[in-house]
Amino acid sequence: MISDCLLLPLSQGLDRVRVDSFVHRVFPLGEGEEQGYHRRAKVSGEWQESSGQTLRGGPAATSVWYRARFAHPGWHERTLLRFDGAFVAGNIWLNGKLLGSHYGFPGPFGFDIASHLGAENLLAVCVETAPDGGHLPPALTGLRDWWPLGLVGRVWLERVGGLIVDDLRVTFRLSADRAEMAVRTEVRNLDGRDMDAGAQWQLVAPGGDRPQASWRRTAKVAGHENLEFETTVPVDRPQLWWPWTLGEQNFYNLRLNLDAGEARSSQATRLVGVREIDLRPEPGGVAWTINGLRHFPRGAVLPPLPPGSDGDPIGAWRRAGLDLALSRGQLPSQQTAASADAAGVLLVIDPPPIGSGPDEEAQAAHQQEALRLIGSHASAAVLLQRGEGLLRNRDDVGARASEEPYVLATTERAQIEAARRAKFQPQMALVLEGLPSLEEGEGALATTAALGSWTHVDGGGLRLRFHVVNDERSVFGRAVLRWRLSAPAGGWAPLRRDRHGEVDVTLPASDEPPVVIEVDVSPPAGDVLVLEVELDRNGEAMSRLSYRLDE
């Protein structure tokens, strides 16, 4: 199913009002319309006040209906109805009329509702999922017995004119004491008549309030058509964005004012981080260079998006000493990408494969829409591609080998798979089982021992491959890596079920690659194993991580 509504990546209203006071009720898939839940009339049954958090869906909870009443906002210009997101398929009615639908990626979307507003209004939303979890990527279906369901974030009314911002993407190229900023802006004409568009951009440096650069373009936009502006601006002595293990997370404020004729039509703001990431495939892995510095990121796979306020796991990554999050088999939300920007955590986006069949084109269009929303985030470092389905037209997602987010592009499938195996081990789910207390490192551990991969060996054993990484110049010398492998499903009491050991290691220098340690172990019996890894130096715990190893 292709989204038949407006893609609204940025809030852009000249004024905005939140739609709240929602009530909701969970139903089996397919119920609601016959009962008239989309109409103005009162409905029977027990409805609960909505807290604004995503619900837990599952085989017995496959759809949820929301209803909210609101008054006319009181302005005479056009009104956009904007959703922060919905998971997985949202159908929207206003005053009994179906506005349209949005499927899949939990990003923002909305509708032009100026011709449908009355003095008093009823908004009805039905969000659905598949009853068997079939909408989830295969890599994640076995990790939980539930999945997110419902609205993601908030719902807004925004006042705009006839011209709105359909997209605002930014890329950078660095040279000595200078950055070249390329801005791609897409403008949509909501009106049936031709309109004169005037776009003015302002770039404000981190911590500043006055524009460092300002420029303007004008053009005519045909009725119900789109127009794209492409501009390039130099930024002198840029303040760079870094992963947290290398430096600060500086953000420029890019402001866009869009005029229709002489009247202001919309306005938008995007926070952008100036950085350049270079990825080069090497035998057995990938070489990272960030803003000219060689980097050795360490990370883990993002878990499925949980419901509610805990749906953003990125804040935990720095506590765990990690600076890379792999979105494996799923597309990260705008909320996750923004959180990764602020935390200085690199996002590696490994989308689910495009299936064959009658909806293949719809799946590709949906993923392109999602990637356009993520592409300008500073943290969106890499886009791994499979085959040609996703990036058949890579200009649509701004993901060529010469652009960002960088594509690991090669005609040799074996090279891509070798890089993924070496870095992420896709045949396993490397998911953080729990976050230990890391107060010793004050939440920023620069020296970490982590599980790099695990593989089966002959005789039913496991080979654990640990990586010891050190980004702190003042830390050096000897340390002890301790590990414990357990099968918690049968309880922790039988100590004989545990396997453990320790290895002396010399910490690498901050500019050296990780030290790799391999250990062969006969695992305890169990479908799920928990591995605890600790790095100790002079009696002080430098890092503690816990992983769940699923067969």
# chains A, B, ... in the order shown; residues from 1 in each chain; ligands from 1

$ select_by_dssp --residues "range 55-272 of chain A" --states "alpha helix (DSSP H)" --output "number ranges by chain"
A: 138-141

$ write_last_selection --atoms "N, CA, C and O atoms" --output "JSON list (two decimals), in the first residue's frame"
[["chain", "number", "residue", "atom", "x", "y", "z"],
["A", 138, "PRO", "N", 11.95, -10.32, 9.49],
["A", 138, "PRO", "CA", 12.21, -11.65, 10.04],
["A", 138, "PRO", "C", 13.23, -11.65, 11.16],
["A", 138, "PRO", "O", 13.16, -12.48, 12.07],
["A", 139, "ALA", "N", 14.19, -10.72, 11.11],
["A", 139, "ALA", "CA", 15.23, -10.70, 12.14],
["A", 139, "ALA", "C", 14.69, -10.36, 13.51],
["A", 139, "ALA", "O", 15.34, -10.61, 14.52],
["A", 140, "LEU", "N", 13.47, -9.79, 13.58],
["A", 140, "LEU", "CA", 12.95, -9.30, 14.85],
["A", 140, "LEU", "C", 11.74, -10.06, 15.36],
["A", 140, "LEU", "O", 11.36, -9.91, 16.52],
["A", 141, "THR", "N", 11.13, -10.90, 14.53],
["A", 141, "THR", "CA", 9.88, -11.52, 14.94],
["A", 141, "THR", "C", 10.05, -12.45, 16.13],
["A", 141, "THR", "O", 9.12, -12.64, 16.91]]

$ residues_around --residues "Gly107 in chain A" --least-positions-apart "4" --cutoff "10 Å" --atoms "only C-alpha atoms" --output "list in words"
Leu7, Leu8, Pro9, Phe83, Asp84, Gly85, Ala86, Phe87, His102, Tyr103, Val152, Gly153, Leu331, Pro332, Ser333, Gln334, Gln335, Glu369, Ala370, Leu373 and Ile374 of chain A

$ closest_atom_pairs --of "range 96-128 of chain A" --to "range 181-204 of chain A" --cutoff "12 Å" --atoms "only C-alpha atoms" --output "Markdown table"
| residue | atom | partner | partner_atom | distance |
| --- | --- | --- | --- | --- |
| A:Phe111 | CA | A:Leu190 | CA | 10.6 |
| A:Asp112 | CA | A:Leu190 | CA | 8.1 |
| A:Ile113 | CA | A:Leu190 | CA | 11.1 |
| A:Ala114 | CA | A:Leu190 | CA | 10.8 |

$ write_last_selection --atoms "C-alpha atoms" --output "short mmCIF file (atom, residue, chain, number, x, y, z; two decimals), in the first residue's frame"
data_model
loop_
_atom_site.label_atom_id
_atom_site.label_comp_id
_atom_site.auth_asym_id
_atom_site.auth_seq_id
_atom_site.Cartn_x
_atom_site.Cartn_y
_atom_site.Cartn_z
CA PHE A 111 -3.47 15.95 5.12
CA ASP A 112 -4.72 19.29 3.84
CA ILE A 113 -8.07 19.54 5.66
CA ALA A 114 -9.09 23.16 4.98
#

$ residues_around --residues "Gly150 in chain A" --least-positions-apart "5" --cutoff "12 Å" --atoms "only C-alpha atoms" --output "number ranges by chain"
A: 24-27, 50-58, 61-66, 83-91, 103-104, 106, 125-129, 306-308

$ closest_residue --among "A:Leu6, A:Val274, A:Leu246, A:Leu94" --to "Asp167 in chain A" --atoms "only C-alpha atoms"
A:Leu6

$ atom_distance --atom1 "CA of Gln267 in chain A" --atom2 "CA of Asn95 in chain A"
28.3 Å

$ atom_distance --atom1 "CA of Val233 in chain A" --atom2 "CA of Asp15 in chain A"
29.3 Å

$ closest_residue --among "A:Thr447, A:Asn121, A:Gln367, A:Ser379" --to "Leu326 in chain A" --atoms "only C-alpha atoms"
A:Ser379

$ residues_around --residues "range 528-533 of chain A" --least-positions-apart "4" --cutoff "6 Å" --atoms "only C-alpha atoms" --output "list in words"
Arg482, Trp483, Arg484, Leu485, Ser486, Ala487, Arg544, Leu545, Ser546, Tyr547, Arg548, Leu549 and Asp550 of chain A

$ select_by_dssp --residues "range 177-247 of chain A" --states "strand (DSSP E or B)" --output "MDAnalysis selection string"
chainID A and resid 178:189 195:204 211:221 226:236 240:241

$ closest_atom_pairs --of "range 206-255 of chain A" --to "range 269-272 of chain A" --cutoff "10 Å" --atoms "only C-alpha atoms" --output "JSON lines"
{"residue": "A:Pro206", "atom": "CA", "partner": "A:Leu271", "partner_atom": "CA", "distance": 9.7}
{"residue": "A:Trp241", "atom": "CA", "partner": "A:Val272", "partner_atom": "CA", "distance": 8.8}
{"residue": "A:Asn250", "atom": "CA", "partner": "A:Val272", "partner_atom": "CA", "distance": 8.5}
{"residue": "A:Phe251", "atom": "CA", "partner": "A:Val272", "partner_atom": "CA", "distance": 5.4}
{"residue": "A:Tyr252", "atom": "CA", "partner": "A:Val272", "partner_atom": "CA", "distance": 5.2}
{"residue": "A:Asn253", "atom": "CA", "partner": "A:Leu271", "partner_atom": "CA", "distance": 4.9}
{"residue": "A:Leu254", "atom": "CA", "partner": "A:Arg270", "partner_atom": "CA", "distance": 5.2}
{"residue": "A:Arg255", "atom": "CA", "partner": "A:Thr269", "partner_atom": "CA", "distance": 4.5}

$ closest_residue --among "A:Glu180, A:Asp278, A:Glu31, A:Glu534" --to "Ala449 in chain A" --atoms "only C-alpha atoms"
A:Glu534

$ atom_distance --atom1 "CA of Ala260 in chain A" --atom2 "CA of Leu163 in chain A"
6.3 Å

$ residues_around --residues "range 36-47 of chain A" --least-positions-apart "4" --cutoff "6 Å" --atoms "only C-alpha atoms" --output "ChimeraX atom specification"
/A:23-25,32,96,122,124
